[in-house]
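The block underneath contains the structure these notes are about, expressed in structure tokens.
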Amino acid sequence: METKDTDIKNIWKKNGGLGVNISEKYKTFLWLWDKTGTSLAKEIFSHFNFCFYDVSTQPRKLISTSIAQAHFCDLFDGHEDLKMIATARNPYTRTFSRFRMSFPVEKITIENFRNFIEETIQSPNNYGCMDFNRRKPDYFVRIENLYQDYRDWE
């Protein structure tokens, strides 16, 4: 029986750890940023031996043999020994998608959109996962180029 994402997240939260999807076979970990096609990424990468690990301890602890569709993007001890794959999306369409998820259809107005954009721009955690000062992903899977990027990965 497949473990649901909410179950994986609850186990992870209870342990208070840092959770990351890692494939030991391919020596790779995933950054699945929100609104970047993570549902599809989870389906595809589940065929490449990715599991969800608590990496707040050494050695890392297996939490689930399933990928968690969780939007964690923190570096962890040992990350430099693994390749990194990150899902990505055009920032304009990604922001609009976030906006659409934040408001019911009847509340979508120009004013709400302006306020949402201002809050997004001013937020210190705007798109925190995009800080490449510490590490740049080895591979990007761009939602606008899914077929090509998945084909070229392995």
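Quick note on naming: the chains in the structure tokens go A, B, ... in the order shown, residues restart at 1 in each chain, and ligands are numbered from 1 in order of appearance.
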
If you run DSSP over the backbone, which residues in range 43-121 of chain A end up helix (DSSP H, G or I)? Put them as a VMD selection string. chain A and resid 43 to 48 79 to 81 91 to 102 105 to 107 110 to 121

Strand (DSSP E) positions in chain A, given as JSON, numbers by chain: {"A": [19, 20, 21, 22, 23, 28, 29, 30, 31, 50, 51, 52, 53, 54, 61, 62, 63, 64, 83, 84, 85, 86, 87, 88, 139, 140, 141, 142]}

Taking N, CA and C atoms for each residue, export the selection above as an mmCIF file, in the first residue's frame.
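Below is the file that was written, again_7.cif:
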```cif
data_model
loop_
_atom_site.group_PDB
_atom_site.id
_atom_site.type_symbol
_atom_site.label_atom_id
_atom_site.label_comp_id
_atom_site.auth_asym_id
_atom_site.auth_seq_id
_atom_site.Cartn_x
_atom_site.Cartn_y
_atom_site.Cartn_z
ATOM 1 N N GLY A 19 13.380 16.751 5.916
ATOM 2 C CA GLY A 19 13.032 15.681 5.000
ATOM 3 C C GLY A 19 13.422 15.960 3.568
ATOM 4 N N VAL A 20 13.996 14.942 2.926
ATOM 5 C CA VAL A 20 14.459 15.082 1.547
ATOM 6 C C VAL A 20 14.202 13.776 0.810
ATOM 7 N N ASN A 21 13.831 13.882 -0.476
ATOM 8 C CA ASN A 21 13.691 12.721 -1.340
ATOM 9 C C ASN A 21 15.060 12.409 -1.946
ATOM 10 N N ILE A 22 15.537 11.185 -1.722
ATOM 11 C CA ILE A 22 16.869 10.787 -2.185
ATOM 12 C C ILE A 22 16.779 9.440 -2.888
ATOM 13 N N SER A 23 17.515 9.304 -3.992
ATOM 14 C CA SER A 23 17.706 8.007 -4.632
ATOM 15 C C SER A 23 19.138 7.574 -4.345
ATOM 16 N N THR A 28 21.297 10.883 -5.935
ATOM 17 C CA THR A 28 20.629 12.125 -6.332
ATOM 18 C C THR A 28 19.551 12.479 -5.317
ATOM 19 N N PHE A 29 19.332 13.779 -5.112
ATOM 20 C CA PHE A 29 18.205 14.221 -4.295
ATOM 21 C C PHE A 29 17.376 15.237 -5.071
ATOM 22 N N LEU A 30 16.117 15.408 -4.624
ATOM 23 C CA LEU A 30 15.159 16.251 -5.331
ATOM 24 C C LEU A 30 14.802 17.488 -4.526
ATOM 25 N N TRP A 31 14.694 18.598 -5.223
ATOM 26 C CA TRP A 31 14.047 19.797 -4.693
ATOM 27 C C TRP A 31 12.770 19.944 -5.513
ATOM 28 N N PHE A 50 13.533 6.693 -5.557
ATOM 29 C CA PHE A 50 13.583 7.783 -4.593
ATOM 30 C C PHE A 50 12.760 7.409 -3.363
ATOM 31 N N CYS A 51 13.322 7.705 -2.217
ATOM 32 C CA CYS A 51 12.660 7.488 -0.931
ATOM 33 C C CYS A 51 12.754 8.785 -0.137
ATOM 34 N N PHE A 52 11.932 8.890 0.886
ATOM 35 C CA PHE A 52 11.919 10.089 1.720
ATOM 36 C C PHE A 52 12.725 9.822 2.984
ATOM 37 N N TYR A 53 13.738 10.661 3.223
ATOM 38 C CA TYR A 53 14.654 10.485 4.348
ATOM 39 C C TYR A 53 14.608 11.672 5.296
ATOM 40 N N ASP A 54 14.798 11.386 6.560
ATOM 41 C CA ASP A 54 15.070 12.414 7.563
ATOM 42 C C ASP A 54 16.584 12.585 7.539
ATOM 43 N N LYS A 61 17.891 8.862 8.139
ATOM 44 C CA LYS A 61 16.915 7.851 8.531
ATOM 45 C C LYS A 61 15.811 7.756 7.479
ATOM 46 N N LEU A 62 15.540 6.546 7.004
ATOM 47 C CA LEU A 62 14.471 6.314 6.042
ATOM 48 C C LEU A 62 13.125 6.536 6.717
ATOM 49 N N ILE A 63 12.321 7.439 6.143
ATOM 50 C CA ILE A 63 10.978 7.708 6.663
ATOM 51 C C ILE A 63 9.939 6.950 5.843
ATOM 52 N N SER A 64 10.129 6.933 4.520
ATOM 53 C CA SER A 64 9.167 6.256 3.649
ATOM 54 C C SER A 64 9.863 5.800 2.371
ATOM 55 N N LYS A 83 23.984 14.354 -6.487
ATOM 56 C CA LYS A 83 23.525 15.289 -7.508
ATOM 57 C C LYS A 83 22.168 15.828 -7.082
ATOM 58 N N MET A 84 21.823 17.014 -7.590
ATOM 59 C CA MET A 84 20.553 17.633 -7.235
ATOM 60 C C MET A 84 19.713 17.858 -8.492
ATOM 61 N N ILE A 85 18.457 17.460 -8.398
ATOM 62 C CA ILE A 85 17.474 17.754 -9.442
ATOM 63 C C ILE A 85 16.444 18.690 -8.833
ATOM 64 N N ALA A 86 16.114 19.761 -9.544
ATOM 65 C CA ALA A 86 15.106 20.713 -9.069
ATOM 66 C C ALA A 86 14.043 20.907 -10.136
ATOM 67 N N THR A 87 12.789 20.908 -9.714
ATOM 68 C CA THR A 87 11.719 21.271 -10.634
ATOM 69 C C THR A 87 11.652 22.791 -10.697
ATOM 70 N N ALA A 88 11.308 23.323 -11.863
ATOM 71 C CA ALA A 88 11.286 24.780 -12.050
ATOM 72 C C ALA A 88 10.147 25.152 -12.994
ATOM 73 N N TYR A 139 20.609 19.453 -12.350
ATOM 74 C CA TYR A 139 19.608 19.295 -13.407
ATOM 75 C C TYR A 139 18.348 20.054 -13.015
ATOM 76 N N PHE A 140 17.741 20.697 -14.000
ATOM 77 C CA PHE A 140 16.433 21.322 -13.813
ATOM 78 C C PHE A 140 15.421 20.555 -14.650
ATOM 79 N N VAL A 141 14.242 20.342 -14.104
ATOM 80 C CA VAL A 141 13.112 19.852 -14.867
ATOM 81 C C VAL A 141 12.151 21.024 -14.932
ATOM 82 N N ARG A 142 12.067 21.624 -16.113
ATOM 83 C CA ARG A 142 11.261 22.830 -16.295
ATOM 84 C C ARG A 142 9.879 22.431 -16.790
#
```

Would you pick out the contacts of range 70-74 of chain A at 6 Å or less, using only C-alpha atoms, so that residues sharing its chain but fewer than 6 positions from it are not included, and give the list as number ranges by chain? A: 31-34, 129

Atom pair CA of Ile108 in chain A + CA of Leu146 in chain A, distance 28.9 Å

Identify, on the basis of only C-alpha atoms, every residue whose closest approach to Phe113 in chain A does not exceed 10 Å; exclude the query and any residue fewer than 6 positions from it along the same chain; express the result as a short mmCIF file (atom, residue, chain, number, x, y, z; two decimals) with N, CA and C atoms, in the first residue's frame.
```
data_model
loop_
_atom_site.label_atom_id
_atom_site.label_comp_id
_atom_site.auth_asym_id
_atom_site.auth_seq_id
_atom_site.Cartn_x
_atom_site.Cartn_y
_atom_site.Cartn_z
N PHE A 96 1.29 33.37 -10.83
CA PHE A 96 -0.14 33.40 -11.12
C PHE A 96 -0.83 32.13 -10.61
N PHE A 99 -1.36 32.50 -7.02
CA PHE A 99 -2.48 33.42 -6.80
C PHE A 99 -3.81 32.68 -6.96
N ARG A 100 -3.93 31.92 -8.03
CA ARG A 100 -5.19 31.19 -8.30
C ARG A 100 -5.50 30.20 -7.18
N PHE A 103 -7.04 32.11 -3.91
CA PHE A 103 -8.33 32.78 -3.91
C PHE A 103 -9.38 31.92 -4.61
N LYS A 107 -13.48 35.46 -5.76
CA LYS A 107 -12.68 36.51 -5.11
C LYS A 107 -11.50 36.97 -5.98
N GLU A 119 2.61 41.68 -1.90
CA GLU A 119 3.01 40.86 -0.76
C GLU A 119 4.09 39.86 -1.15
#
```

Show which residues sit within 9 Å of range 75-78 of chain A, as an MDAnalysis selection string. Count only C-alpha atoms, and ignore same-chain residues fewer than 5 positions away. chainID A and resid 18 20 55:58 134:135

Okay, now the selection with N, CA, C and O atoms, as a PDB file, in the first residue's frame?
```
ATOM      1  N   LEU A  18      14.544  17.066   9.060  1.00  0.00           N
ATOM      2  CA  LEU A  18      14.652  17.719   7.766  1.00  0.00           C
ATOM      3  C   LEU A  18      14.445  16.639   6.724  1.00  0.00           C
ATOM      4  O   LEU A  18      15.221  15.684   6.654  1.00  0.00           O
ATOM      5  N   VAL A  20      13.996  14.942   2.926  1.00  0.00           N
ATOM      6  CA  VAL A  20      14.459  15.082   1.547  1.00  0.00           C
ATOM      7  C   VAL A  20      14.202  13.776   0.810  1.00  0.00           C
ATOM      8  O   VAL A  20      14.373  12.691   1.372  1.00  0.00           O
ATOM      9  N   VAL A  55      17.045  13.758   7.142  1.00  0.00           N
ATOM     10  CA  VAL A  55      18.483  14.001   7.030  1.00  0.00           C
ATOM     11  C   VAL A  55      18.988  14.908   8.153  1.00  0.00           C
ATOM     12  O   VAL A  55      20.089  15.439   8.068  1.00  0.00           O
ATOM     13  N   SER A  56      18.181  15.074   9.195  1.00  0.00           N
ATOM     14  CA  SER A  56      18.631  15.907  10.312  1.00  0.00           C
ATOM     15  C   SER A  56      19.572  15.132  11.229  1.00  0.00           C
ATOM     16  O   SER A  56      20.181  15.707  12.114  1.00  0.00           O
ATOM     17  N   THR A  57      19.670  13.825  11.015  1.00  0.00           N
ATOM     18  CA  THR A  57      20.575  12.999  11.804  1.00  0.00           C
ATOM     19  C   THR A  57      21.549  12.301  10.863  1.00  0.00           C
ATOM     20  O   THR A  57      21.291  12.157   9.670  1.00  0.00           O
ATOM     21  N   GLN A  58      22.663  11.888  11.393  1.00  0.00           N
ATOM     22  CA  GLN A  58      23.626  11.096  10.628  1.00  0.00           C
ATOM     23  C   GLN A  58      23.767   9.750  11.319  1.00  0.00           C
ATOM     24  O   GLN A  58      23.992   9.716  12.519  1.00  0.00           O
ATOM     25  N   ARG A 134      24.420  28.999  -2.357  1.00  0.00           N
ATOM     26  CA  ARG A 134      25.069  27.862  -1.699  1.00  0.00           C
ATOM     27  C   ARG A 134      25.227  26.663  -2.620  1.00  0.00           C
ATOM     28  O   ARG A 134      26.187  25.911  -2.494  1.00  0.00           O
ATOM     29  N   ARG A 135      24.263  26.471  -3.529  1.00  0.00           N
ATOM     30  CA  ARG A 135      24.344  25.324  -4.435  1.00  0.00           C
ATOM     31  C   ARG A 135      23.389  25.516  -5.592  1.00  0.00           C
ATOM     32  O   ARG A 135      22.234  25.864  -5.402  1.00  0.00           O
TER      33      ARG A 135
END
```

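Straight-line separation from CA of Gln69 in chain A to CA of Ser39 in chain A: 6.9 Å.
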
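The coordinates place CA of Ser66 in chain A at 27.9 Å from CA of Ser102 in chain A.
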
So which residues touch Arg89 in chain A within 7 Å, counting only C-alpha atoms, skipping near sequence neighbours fewer than 3 positions away, as a VMD selection string? chain A and resid 36 94 142 to 144
